[in-house]
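See below for coords-v8.cif, which holds mmCIF, N, CA and C atoms.
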```
data_data
loop_
_atom_site.group_PDB
_atom_site.id
_atom_site.type_symbol
_atom_site.label_atom_id
_atom_site.label_comp_id
_atom_site.auth_asym_id
_atom_site.auth_seq_id
_atom_site.Cartn_x
_atom_site.Cartn_y
_atom_site.Cartn_z
ATOM 1 N N MET A 30 -1.939 32.039 13.447
ATOM 2 C CA MET A 30 -2.547 32.911 12.458
ATOM 3 C C MET A 30 -3.692 32.144 11.802
ATOM 4 N N THR A 31 -4.857 32.757 11.641
ATOM 5 C CA THR A 31 -5.988 32.082 11.013
ATOM 6 C C THR A 31 -6.028 32.380 9.532
ATOM 7 N N THR A 32 -6.651 31.477 8.814
ATOM 8 C CA THR A 32 -6.760 31.620 7.376
ATOM 9 C C THR A 32 -8.082 32.285 7.040
ATOM 10 N N ALA A 33 -8.062 33.377 6.296
ATOM 11 C CA ALA A 33 -9.282 34.083 5.920
ATOM 12 C C ALA A 33 -10.138 33.224 4.999
ATOM 13 N N THR A 34 -9.550 32.665 3.980
ATOM 14 C CA THR A 34 -10.236 31.793 3.046
ATOM 15 C C THR A 34 -9.546 30.443 3.086
ATOM 16 N N PRO A 35 -10.314 29.378 3.410
ATOM 17 C CA PRO A 35 -9.642 28.073 3.470
ATOM 18 C C PRO A 35 -9.042 27.704 2.125
ATOM 19 N N SER A 36 -7.811 27.248 2.151
ATOM 20 C CA SER A 36 -7.151 26.804 0.935
ATOM 21 C C SER A 36 -7.260 25.293 0.865
ATOM 22 N N PRO A 37 -7.082 24.716 -0.340
ATOM 23 C CA PRO A 37 -7.143 23.267 -0.444
ATOM 24 C C PRO A 37 -6.159 22.581 0.490
ATOM 25 N N THR A 38 -5.039 23.218 0.743
ATOM 26 C CA THR A 38 -4.036 22.585 1.598
ATOM 27 C C THR A 38 -4.444 22.611 3.059
ATOM 28 N N SER A 39 -5.300 23.556 3.451
ATOM 29 C CA SER A 39 -5.653 23.641 4.858
ATOM 30 C C SER A 39 -6.906 22.844 5.190
ATOM 31 N N THR A 40 -7.683 22.420 4.198
ATOM 32 C CA THR A 40 -8.937 21.740 4.472
ATOM 33 C C THR A 40 -8.841 20.228 4.375
ATOM 34 N N SER A 41 -7.805 19.702 3.770
ATOM 35 C CA SER A 41 -7.685 18.257 3.662
ATOM 36 C C SER A 41 -6.655 17.750 4.664
ATOM 37 N N ALA A 42 -6.795 16.469 5.035
ATOM 38 C CA ALA A 42 -5.884 15.881 6.009
ATOM 39 C C ALA A 42 -4.476 15.813 5.427
ATOM 40 N N ARG A 43 -3.529 16.176 6.229
ATOM 41 C CA ARG A 43 -2.130 16.141 5.798
ATOM 42 C C ARG A 43 -1.450 14.958 6.477
ATOM 43 N N SER A 44 -0.832 14.120 5.662
ATOM 44 C CA SER A 44 -0.118 12.990 6.241
ATOM 45 C C SER A 44 1.354 12.974 5.825
ATOM 46 N N ALA A 45 1.687 13.634 4.732
ATOM 47 C CA ALA A 45 3.080 13.661 4.264
ATOM 48 C C ALA A 45 3.829 14.789 4.962
ATOM 49 N N ARG A 46 5.063 14.507 5.289
ATOM 50 C CA ARG A 46 5.891 15.528 5.937
ATOM 51 C C ARG A 46 6.984 15.951 4.974
ATOM 52 N N LEU A 47 7.099 17.250 4.767
ATOM 53 C CA LEU A 47 8.128 17.813 3.906
ATOM 54 C C LEU A 47 9.041 18.685 4.765
ATOM 55 N N GLY A 48 10.303 18.630 4.510
ATOM 56 C CA GLY A 48 11.246 19.472 5.238
ATOM 57 C C GLY A 48 12.045 20.304 4.259
ATOM 58 N N LEU A 49 12.364 21.516 4.653
ATOM 59 C CA LEU A 49 13.192 22.349 3.790
ATOM 60 C C LEU A 49 14.021 23.288 4.649
ATOM 61 N N ARG A 50 15.084 23.744 4.059
ATOM 62 C CA ARG A 50 15.950 24.712 4.729
ATOM 63 C C ARG A 50 15.919 26.007 3.924
ATOM 64 N N ALA A 51 15.931 27.106 4.639
ATOM 65 C CA ALA A 51 15.890 28.416 3.995
ATOM 66 C C ALA A 51 16.878 29.340 4.693
ATOM 67 N N THR A 52 17.294 30.362 3.954
ATOM 68 C CA THR A 52 18.128 31.384 4.582
ATOM 69 C C THR A 52 17.230 32.249 5.469
ATOM 70 N N ARG A 53 17.827 33.016 6.320
ATOM 71 C CA ARG A 53 17.040 33.916 7.172
ATOM 72 C C ARG A 53 16.234 34.906 6.326
ATOM 73 N N GLU A 54 16.860 35.369 5.245
ATOM 74 C CA GLU A 54 16.176 36.317 4.368
ATOM 75 C C GLU A 54 14.954 35.670 3.707
ATOM 76 N N GLN A 55 15.122 34.436 3.252
ATOM 77 C CA GLN A 55 13.998 33.730 2.637
ATOM 78 C C GLN A 55 12.876 33.511 3.648
ATOM 79 N N GLU A 56 13.234 33.122 4.853
ATOM 80 C CA GLU A 56 12.227 32.919 5.889
ATOM 81 C C GLU A 56 11.472 34.214 6.170
ATOM 82 N N THR A 57 12.209 35.316 6.256
ATOM 83 C CA THR A 57 11.578 36.609 6.532
ATOM 84 C C THR A 57 10.585 36.979 5.433
ATOM 85 N N VAL A 58 10.993 36.817 4.190
ATOM 86 C CA VAL A 58 10.106 37.137 3.057
ATOM 87 C C VAL A 58 8.870 36.242 3.087
ATOM 88 N N LEU A 59 9.071 34.952 3.310
ATOM 89 C CA LEU A 59 7.938 34.020 3.333
ATOM 90 C C LEU A 59 6.974 34.340 4.472
ATOM 91 N N ARG A 60 7.503 34.642 5.644
ATOM 92 C CA ARG A 60 6.635 34.974 6.785
ATOM 93 C C ARG A 60 5.851 36.264 6.529
ATOM 94 N N ARG A 61 6.521 37.266 5.958
ATOM 95 C CA ARG A 61 5.826 38.522 5.665
ATOM 96 C C ARG A 61 4.741 38.318 4.625
ATOM 97 N N ALA A 62 5.051 37.547 3.591
ATOM 98 C CA ALA A 62 4.059 37.293 2.545
ATOM 99 C C ALA A 62 2.882 36.491 3.087
ATOM 100 N N ALA A 63 3.155 35.501 3.930
ATOM 101 C CA ALA A 63 2.080 34.707 4.528
ATOM 102 C C ALA A 63 1.177 35.589 5.379
ATOM 103 N N GLU A 64 1.776 36.491 6.116
ATOM 104 C CA GLU A 64 0.999 37.406 6.958
ATOM 105 C C GLU A 64 0.106 38.311 6.098
ATOM 106 N N VAL A 65 0.669 38.851 5.034
ATOM 107 C CA VAL A 65 -0.102 39.715 4.131
ATOM 108 C C VAL A 65 -1.261 38.936 3.500
ATOM 109 N N ALA A 66 -1.019 37.650 3.194
ATOM 110 C CA ALA A 66 -2.047 36.809 2.575
ATOM 111 C C ALA A 66 -3.021 36.234 3.605
ATOM 112 N N HIS A 67 -2.817 36.549 4.885
ATOM 113 C CA HIS A 67 -3.659 36.040 5.975
ATOM 114 C C HIS A 67 -3.682 34.518 5.978
ATOM 115 N N LYS A 68 -2.502 33.931 5.835
ATOM 116 C CA LYS A 68 -2.353 32.480 5.854
ATOM 117 C C LYS A 68 -1.262 32.112 6.836
ATOM 118 N N SER A 69 -1.320 30.865 7.291
ATOM 119 C CA SER A 69 -0.202 30.363 8.087
ATOM 120 C C SER A 69 0.992 30.214 7.154
ATOM 121 N N LEU A 70 2.169 30.150 7.732
ATOM 122 C CA LEU A 70 3.368 29.978 6.920
ATOM 123 C C LEU A 70 3.282 28.673 6.127
ATOM 124 N N THR A 71 2.832 27.611 6.769
ATOM 125 C CA THR A 71 2.698 26.319 6.092
ATOM 126 C C THR A 71 1.734 26.405 4.926
ATOM 127 N N ASP A 72 0.546 26.985 5.167
ATOM 128 C CA ASP A 72 -0.435 27.111 4.078
ATOM 129 C C ASP A 72 0.119 27.948 2.934
ATOM 130 N N PHE A 73 0.801 29.041 3.276
ATOM 131 C CA PHE A 73 1.342 29.903 2.227
ATOM 132 C C PHE A 73 2.379 29.165 1.389
ATOM 133 N N ILE A 74 3.297 28.470 2.048
ATOM 134 C CA ILE A 74 4.343 27.757 1.319
ATOM 135 C C ILE A 74 3.739 26.641 0.475
ATOM 136 N N LEU A 75 2.828 25.849 1.035
ATOM 137 C CA LEU A 75 2.211 24.758 0.273
ATOM 138 C C LEU A 75 1.395 25.277 -0.904
ATOM 139 N N ASP A 76 0.589 26.318 -0.671
ATOM 140 C CA ASP A 76 -0.216 26.882 -1.767
ATOM 141 C C ASP A 76 0.684 27.403 -2.880
ATOM 142 N N SER A 77 1.727 28.142 -2.504
ATOM 143 C CA SER A 77 2.637 28.711 -3.499
ATOM 144 C C SER A 77 3.383 27.617 -4.252
ATOM 145 N N ALA A 78 3.847 26.614 -3.529
ATOM 146 C CA ALA A 78 4.582 25.518 -4.168
ATOM 147 C C ALA A 78 3.662 24.719 -5.095
ATOM 148 N N CYS A 79 2.436 24.475 -4.675
ATOM 149 C CA CYS A 79 1.497 23.729 -5.530
ATOM 150 C C CYS A 79 1.144 24.516 -6.784
ATOM 151 N N LEU A 80 0.950 25.817 -6.664
ATOM 152 C CA LEU A 80 0.677 26.637 -7.846
ATOM 153 C C LEU A 80 1.847 26.589 -8.821
ATOM 154 N N ALA A 81 3.061 26.704 -8.298
ATOM 155 C CA ALA A 81 4.246 26.642 -9.152
ATOM 156 C C ALA A 81 4.374 25.265 -9.793
ATOM 157 N N ALA A 82 4.075 24.213 -9.042
ATOM 158 C CA ALA A 82 4.164 22.855 -9.581
ATOM 159 C C ALA A 82 3.124 22.643 -10.687
ATOM 160 N N GLU A 83 1.896 23.100 -10.455
ATOM 161 C CA GLU A 83 0.853 22.965 -11.475
ATOM 162 C C GLU A 83 1.232 23.730 -12.737
ATOM 163 N N GLN A 84 1.775 24.921 -12.577
ATOM 164 C CA GLN A 84 2.188 25.721 -13.730
ATOM 165 C C GLN A 84 3.291 25.013 -14.507
ATOM 166 N N THR A 85 4.247 24.449 -13.796
ATOM 167 C CA THR A 85 5.334 23.710 -14.439
ATOM 168 C C THR A 85 4.783 22.530 -15.231
ATOM 169 N N LEU A 86 3.841 21.805 -14.644
ATOM 170 C CA LEU A 86 3.250 20.655 -15.337
ATOM 171 C C LEU A 86 2.422 21.103 -16.540
ATOM 172 N N LEU A 87 1.690 22.197 -16.398
ATOM 173 C CA LEU A 87 0.899 22.709 -17.525
ATOM 174 C C LEU A 87 1.789 23.125 -18.682
ATOM 175 N N GLU A 88 2.938 23.682 -18.371
ATOM 176 C CA GLU A 88 3.858 24.109 -19.424
ATOM 177 C C GLU A 88 4.347 22.926 -20.255
ATOM 178 N N GLN A 89 4.285 21.728 -19.688
ATOM 179 C CA GLN A 89 4.688 20.541 -20.417
ATOM 180 C C GLN A 89 3.591 20.049 -21.351
ATOM 181 N N ARG A 90 2.358 20.522 -21.157
ATOM 182 C CA ARG A 90 1.225 20.059 -21.965
ATOM 183 C C ARG A 90 0.625 21.144 -22.839
ATOM 184 N N LEU A 91 0.883 22.382 -22.548
ATOM 185 C CA LEU A 91 0.275 23.494 -23.269
ATOM 186 C C LEU A 91 1.324 24.135 -24.163
ATOM 187 N N PHE A 92 1.041 24.187 -25.434
ATOM 188 C CA PHE A 92 1.984 24.771 -26.384
ATOM 189 C C PHE A 92 1.340 26.002 -27.010
ATOM 190 N N MET A 93 2.046 27.097 -26.967
ATOM 191 C CA MET A 93 1.551 28.335 -27.552
ATOM 192 C C MET A 93 2.109 28.454 -28.967
ATOM 193 N N VAL A 94 1.222 28.662 -29.937
ATOM 194 C CA VAL A 94 1.633 28.812 -31.331
ATOM 195 C C VAL A 94 0.923 30.020 -31.924
ATOM 196 N N SER A 95 1.459 30.490 -33.031
ATOM 197 C CA SER A 95 0.843 31.621 -33.716
ATOM 198 C C SER A 95 -0.426 31.143 -34.421
ATOM 199 N N GLY A 96 -1.210 32.070 -34.872
ATOM 200 C CA GLY A 96 -2.437 31.745 -35.597
ATOM 201 C C GLY A 96 -2.163 30.951 -36.866
ATOM 202 N N SER A 97 -1.103 31.308 -37.585
ATOM 203 C CA SER A 97 -0.791 30.598 -38.829
ATOM 204 C C SER A 97 -0.298 29.180 -38.546
ATOM 205 N N GLU A 98 0.466 28.998 -37.459
ATOM 206 C CA GLU A 98 0.921 27.655 -37.092
ATOM 207 C C GLU A 98 -0.262 26.782 -36.681
ATOM 208 N N TYR A 99 -1.177 27.370 -35.947
ATOM 209 C CA TYR A 99 -2.377 26.639 -35.534
ATOM 210 C C TYR A 99 -3.188 26.226 -36.761
ATOM 211 N N GLN A 100 -3.350 27.151 -37.697
ATOM 212 C CA GLN A 100 -4.113 26.851 -38.904
ATOM 213 C C GLN A 100 -3.446 25.755 -39.728
ATOM 214 N N SER A 101 -2.121 25.765 -39.798
ATOM 215 C CA SER A 101 -1.388 24.705 -40.503
ATOM 216 C C SER A 101 -1.655 23.355 -39.866
ATOM 217 N N LEU A 102 -1.663 23.295 -38.561
ATOM 218 C CA LEU A 102 -1.958 22.043 -37.865
ATOM 219 C C LEU A 102 -3.385 21.594 -38.158
ATOM 220 N N MET A 103 -4.332 22.524 -38.109
ATOM 221 C CA MET A 103 -5.721 22.168 -38.387
ATOM 222 C C MET A 103 -5.881 21.653 -39.818
ATOM 223 N N ASP A 104 -5.172 22.260 -40.749
ATOM 224 C CA ASP A 104 -5.215 21.811 -42.146
ATOM 225 C C ASP A 104 -4.686 20.385 -42.272
ATOM 226 N N LEU A 105 -3.602 20.086 -41.578
ATOM 227 C CA LEU A 105 -3.047 18.727 -41.596
ATOM 228 C C LEU A 105 -4.026 17.718 -40.995
ATOM 229 N N LEU A 106 -4.658 18.098 -39.915
ATOM 230 C CA LEU A 106 -5.602 17.190 -39.263
ATOM 231 C C LEU A 106 -6.858 16.968 -40.101
ATOM 232 N N ASP A 107 -7.215 17.936 -40.923
ATOM 233 C CA ASP A 107 -8.397 17.809 -41.777
ATOM 234 C C ASP A 107 -8.160 16.943 -43.010
ATOM 235 N N GLN A 108 -6.905 16.658 -43.327
ATOM 236 C CA GLN A 108 -6.601 15.837 -44.500
ATOM 237 C C GLN A 108 -6.974 14.384 -44.221
ATOM 238 N N PRO A 109 -7.365 13.640 -45.260
ATOM 239 C CA PRO A 109 -7.666 12.223 -45.050
ATOM 240 C C PRO A 109 -6.389 11.478 -44.626
ATOM 241 N N PRO A 110 -6.544 10.407 -43.852
ATOM 242 C CA PRO A 110 -5.356 9.676 -43.401
ATOM 243 C C PRO A 110 -4.623 9.031 -44.568
ATOM 244 N N GLN A 111 -3.313 8.959 -44.433
ATOM 245 C CA GLN A 111 -2.500 8.312 -45.452
ATOM 246 C C GLN A 111 -2.324 6.842 -45.080
ATOM 247 N N GLU A 112 -2.179 6.009 -46.111
ATOM 248 C CA GLU A 112 -1.948 4.582 -45.884
ATOM 249 C C GLU A 112 -0.607 4.388 -45.191
ATOM 250 N N ASN A 113 -0.587 3.569 -44.161
ATOM 251 C CA ASN A 113 0.637 3.294 -43.426
ATOM 252 C C ASN A 113 0.692 1.787 -43.179
ATOM 253 N N GLU A 114 1.459 1.073 -44.014
ATOM 254 C CA GLU A 114 1.510 -0.386 -43.943
ATOM 255 C C GLU A 114 2.029 -0.881 -42.594
ATOM 256 N N GLY A 115 3.053 -0.225 -42.071
ATOM 257 C CA GLY A 115 3.612 -0.634 -40.782
ATOM 258 C C GLY A 115 2.593 -0.515 -39.668
ATOM 259 N N LEU A 116 1.837 0.558 -39.675
ATOM 260 C CA LEU A 116 0.808 0.758 -38.657
ATOM 261 C C LEU A 116 -0.307 -0.265 -38.823
ATOM 262 N N ALA A 117 -0.680 -0.561 -40.059
ATOM 263 C CA ALA A 117 -1.710 -1.567 -40.316
ATOM 264 C C ALA A 117 -1.259 -2.933 -39.790
ATOM 265 N N ARG A 118 0.015 -3.298 -40.014
ATOM 266 C CA ARG A 118 0.544 -4.576 -39.503
ATOM 267 C C ARG A 118 0.531 -4.599 -37.975
ATOM 268 N N LEU A 119 0.929 -3.485 -37.389
ATOM 269 C CA LEU A 119 0.964 -3.401 -35.929
ATOM 270 C C LEU A 119 -0.420 -3.638 -35.336
ATOM 271 N N PHE A 120 -1.423 -2.980 -35.895
ATOM 272 C CA PHE A 120 -2.778 -3.111 -35.355
ATOM 273 C C PHE A 120 -3.419 -4.450 -35.672
ATOM 274 N N SER A 121 -2.878 -5.187 -36.627
ATOM 275 C CA SER A 121 -3.445 -6.496 -36.960
ATOM 276 C C SER A 121 -2.957 -7.574 -35.992
ATOM 277 N N ARG A 122 -1.886 -7.327 -35.258
ATOM 278 C CA ARG A 122 -1.365 -8.287 -34.289
ATOM 279 C C ARG A 122 -2.079 -8.121 -32.957
ATOM 280 N N PRO A 123 -2.213 -9.220 -32.202
ATOM 281 C CA PRO A 123 -2.817 -9.093 -30.865
ATOM 282 C C PRO A 123 -1.887 -8.300 -29.945
ATOM 283 N N ALA A 124 -2.468 -7.558 -29.040
ATOM 284 C CA ALA A 124 -1.684 -6.773 -28.067
ATOM 285 C C ALA A 124 -0.918 -7.734 -27.172
ATOM 286 N N PRO A 125 0.285 -7.374 -26.758
ATOM 287 C CA PRO A 125 1.101 -8.265 -25.918
ATOM 288 C C PRO A 125 0.384 -8.672 -24.636
ATOM 289 N N TRP A 126 -0.411 -7.792 -24.065
ATOM 290 C CA TRP A 126 -1.099 -8.118 -22.816
ATOM 291 C C TRP A 126 -2.294 -9.046 -23.048
ATOM 292 N N ASN A 127 -2.708 -9.251 -24.327
ATOM 293 C CA ASN A 127 -3.788 -10.178 -24.639
ATOM 294 C C ASN A 127 -3.275 -11.560 -25.024
ATOM 295 N N LYS A 128 -1.980 -11.701 -25.201
ATOM 296 C CA LYS A 128 -1.397 -13.003 -25.551
ATOM 297 C C LYS A 128 -1.393 -13.904 -24.335
ATOM 298 N N LYS A 129 -1.601 -15.199 -24.585
ATOM 299 C CA LYS A 129 -1.588 -16.144 -23.453
ATOM 300 C C LYS A 129 -0.532 -17.172 -23.623
#
```
Whole structure given in structure tokens:
Amino acid sequence: MTTATPSPTSTSARSARLGLRATREQETVLRRAAEVAHKSLTDFILDSACLAAEQTLLEQRLFMVSGSEYQSLMDLLDQPPQENEGLARLFSRPAPWNKK
């Protein structure tokens, strides 16, 4: 099956091998979806898995808050910094990787 639009997974060299097991029903659904998307089964599975992986990783970095919560955070960030003696002591010491 040819790919209508090259995907990132189909245009770069592949050197890693992944193996998976699926039920017959899962295989049937994946093959039908790949056909509808005009992709090889491998391209379809890799593209779908990479999209899901990226979304999972983004969810770890992106936090959705209400407008009032966002404004509260902005107000806190706009305040002048408070004195922190412990932090001042920490920054006055040389970094461990700079010690000889």
If we count only C-alpha atoms and set the cut-off at 12 Å, which residues sit around Leu75 of chain A, ignoring sequence neighbours fewer than 4 positions away in its own chain? Please answer as a PDB file with N, CA and C atoms, in the frame of the given file.
```pdb
ATOM      1  N   SER A  36      -7.811  27.248   2.151  1.00  0.00           N
ATOM      2  CA  SER A  36      -7.151  26.804   0.935  1.00  0.00           C
ATOM      3  C   SER A  36      -7.260  25.293   0.865  1.00  0.00           C
ATOM      4  N   PRO A  37      -7.082  24.716  -0.340  1.00  0.00           N
ATOM      5  CA  PRO A  37      -7.143  23.267  -0.444  1.00  0.00           C
ATOM      6  C   PRO A  37      -6.159  22.581   0.490  1.00  0.00           C
ATOM      7  N   THR A  38      -5.039  23.218   0.743  1.00  0.00           N
ATOM      8  CA  THR A  38      -4.036  22.585   1.598  1.00  0.00           C
ATOM      9  C   THR A  38      -4.444  22.611   3.059  1.00  0.00           C
ATOM     10  N   SER A  39      -5.300  23.556   3.451  1.00  0.00           N
ATOM     11  CA  SER A  39      -5.653  23.641   4.858  1.00  0.00           C
ATOM     12  C   SER A  39      -6.906  22.844   5.190  1.00  0.00           C
ATOM     13  N   ARG A  43      -3.529  16.176   6.229  1.00  0.00           N
ATOM     14  CA  ARG A  43      -2.130  16.141   5.798  1.00  0.00           C
ATOM     15  C   ARG A  43      -1.450  14.958   6.477  1.00  0.00           C
ATOM     16  N   ALA A  45       1.687  13.634   4.732  1.00  0.00           N
ATOM     17  CA  ALA A  45       3.080  13.661   4.264  1.00  0.00           C
ATOM     18  C   ALA A  45       3.829  14.789   4.962  1.00  0.00           C
ATOM     19  N   ARG A  46       5.063  14.507   5.289  1.00  0.00           N
ATOM     20  CA  ARG A  46       5.891  15.528   5.937  1.00  0.00           C
ATOM     21  C   ARG A  46       6.984  15.951   4.974  1.00  0.00           C
ATOM     22  N   LEU A  47       7.099  17.250   4.767  1.00  0.00           N
ATOM     23  CA  LEU A  47       8.128  17.813   3.906  1.00  0.00           C
ATOM     24  C   LEU A  47       9.041  18.685   4.765  1.00  0.00           C
ATOM     25  N   GLY A  48      10.303  18.630   4.510  1.00  0.00           N
ATOM     26  CA  GLY A  48      11.246  19.472   5.238  1.00  0.00           C
ATOM     27  C   GLY A  48      12.045  20.304   4.259  1.00  0.00           C
ATOM     28  N   LEU A  49      12.364  21.516   4.653  1.00  0.00           N
ATOM     29  CA  LEU A  49      13.192  22.349   3.790  1.00  0.00           C
ATOM     30  C   LEU A  49      14.021  23.288   4.649  1.00  0.00           C
ATOM     31  N   LEU A  59       9.071  34.952   3.310  1.00  0.00           N
ATOM     32  CA  LEU A  59       7.938  34.020   3.333  1.00  0.00           C
ATOM     33  C   LEU A  59       6.974  34.340   4.472  1.00  0.00           C
ATOM     34  N   ALA A  63       3.155  35.501   3.930  1.00  0.00           N
ATOM     35  CA  ALA A  63       2.080  34.707   4.528  1.00  0.00           C
ATOM     36  C   ALA A  63       1.177  35.589   5.379  1.00  0.00           C
ATOM     37  N   LYS A  68      -2.502  33.931   5.835  1.00  0.00           N
ATOM     38  CA  LYS A  68      -2.353  32.480   5.854  1.00  0.00           C
ATOM     39  C   LYS A  68      -1.262  32.112   6.836  1.00  0.00           C
ATOM     40  N   SER A  69      -1.320  30.865   7.291  1.00  0.00           N
ATOM     41  CA  SER A  69      -0.202  30.363   8.087  1.00  0.00           C
ATOM     42  C   SER A  69       0.992  30.214   7.154  1.00  0.00           C
ATOM     43  N   LEU A  70       2.169  30.150   7.732  1.00  0.00           N
ATOM     44  CA  LEU A  70       3.368  29.978   6.920  1.00  0.00           C
ATOM     45  C   LEU A  70       3.282  28.673   6.127  1.00  0.00           C
ATOM     46  N   THR A  71       2.832  27.611   6.769  1.00  0.00           N
ATOM     47  CA  THR A  71       2.698  26.319   6.092  1.00  0.00           C
ATOM     48  C   THR A  71       1.734  26.405   4.926  1.00  0.00           C
ATOM     49  N   CYS A  79       2.436  24.475  -4.675  1.00  0.00           N
ATOM     50  CA  CYS A  79       1.497  23.729  -5.530  1.00  0.00           C
ATOM     51  C   CYS A  79       1.144  24.516  -6.784  1.00  0.00           C
ATOM     52  N   LEU A  80       0.950  25.817  -6.664  1.00  0.00           N
ATOM     53  CA  LEU A  80       0.677  26.637  -7.846  1.00  0.00           C
ATOM     54  C   LEU A  80       1.847  26.589  -8.821  1.00  0.00           C
ATOM     55  N   ALA A  81       3.061  26.704  -8.298  1.00  0.00           N
ATOM     56  CA  ALA A  81       4.246  26.642  -9.152  1.00  0.00           C
ATOM     57  C   ALA A  81       4.374  25.265  -9.793  1.00  0.00           C
ATOM     58  N   ALA A  82       4.075  24.213  -9.042  1.00  0.00           N
ATOM     59  CA  ALA A  82       4.164  22.855  -9.581  1.00  0.00           C
ATOM     60  C   ALA A  82       3.124  22.643 -10.687  1.00  0.00           C
ATOM     61  N   GLU A  83       1.896  23.100 -10.455  1.00  0.00           N
ATOM     62  CA  GLU A  83       0.853  22.965 -11.475  1.00  0.00           C
ATOM     63  C   GLU A  83       1.232  23.730 -12.737  1.00  0.00           C
TER      64      GLU A  83
END
```
Separation of atom N of Glu56 of chain A from atom CA of Ile74 of chain A, in Å and rounded to one decimal: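 Interatomic distance, atom N of Glu56 of chain A to atom CA of Ile74 of chain A: 11.0 Å.
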What is the distance between atom C of Arg60 of chain A and atom CA of Phe73 of chain A, in Å to one decimal?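 Answer for the atom C of Arg60 of chain A to atom CA of Phe73 of chain A separation: 8.9 Å.
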For the alpha helix (DSSP H) assignment from backbone DSSP, which residues of segment 36-125 of chain A qualify? Please present them as a PyMOL selection string. chain A and resi 37-40+53-65+70-88+96-107+114-121
Just the number, please: distance in Å from atom CA of Val65 of chain A to atom N of Ala78 of chain A, one decimal.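 These two atoms are separated by 15.7 Å.
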Produce the centre coordinates and the three edge lengths, each in Å to one decimal, of the box along x, y and z that contains all listed atoms of segment 99-110 of chain A with 4 Å added on each side, as JSON.
```
{"center_x": -4.8, "center_y": 18.2, "center_z": -40.4, "size_x": 15.2, "size_y": 26.3, "size_z": 17.7}
```
Distance criterion (only C-alpha atoms): nearest to Ser41 of chain A out of A:Asp72, A:Glu54, A:Phe120, A:Phe92: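 Among the listed residues, A:Asp72 lies closest to Ser41 of chain A.
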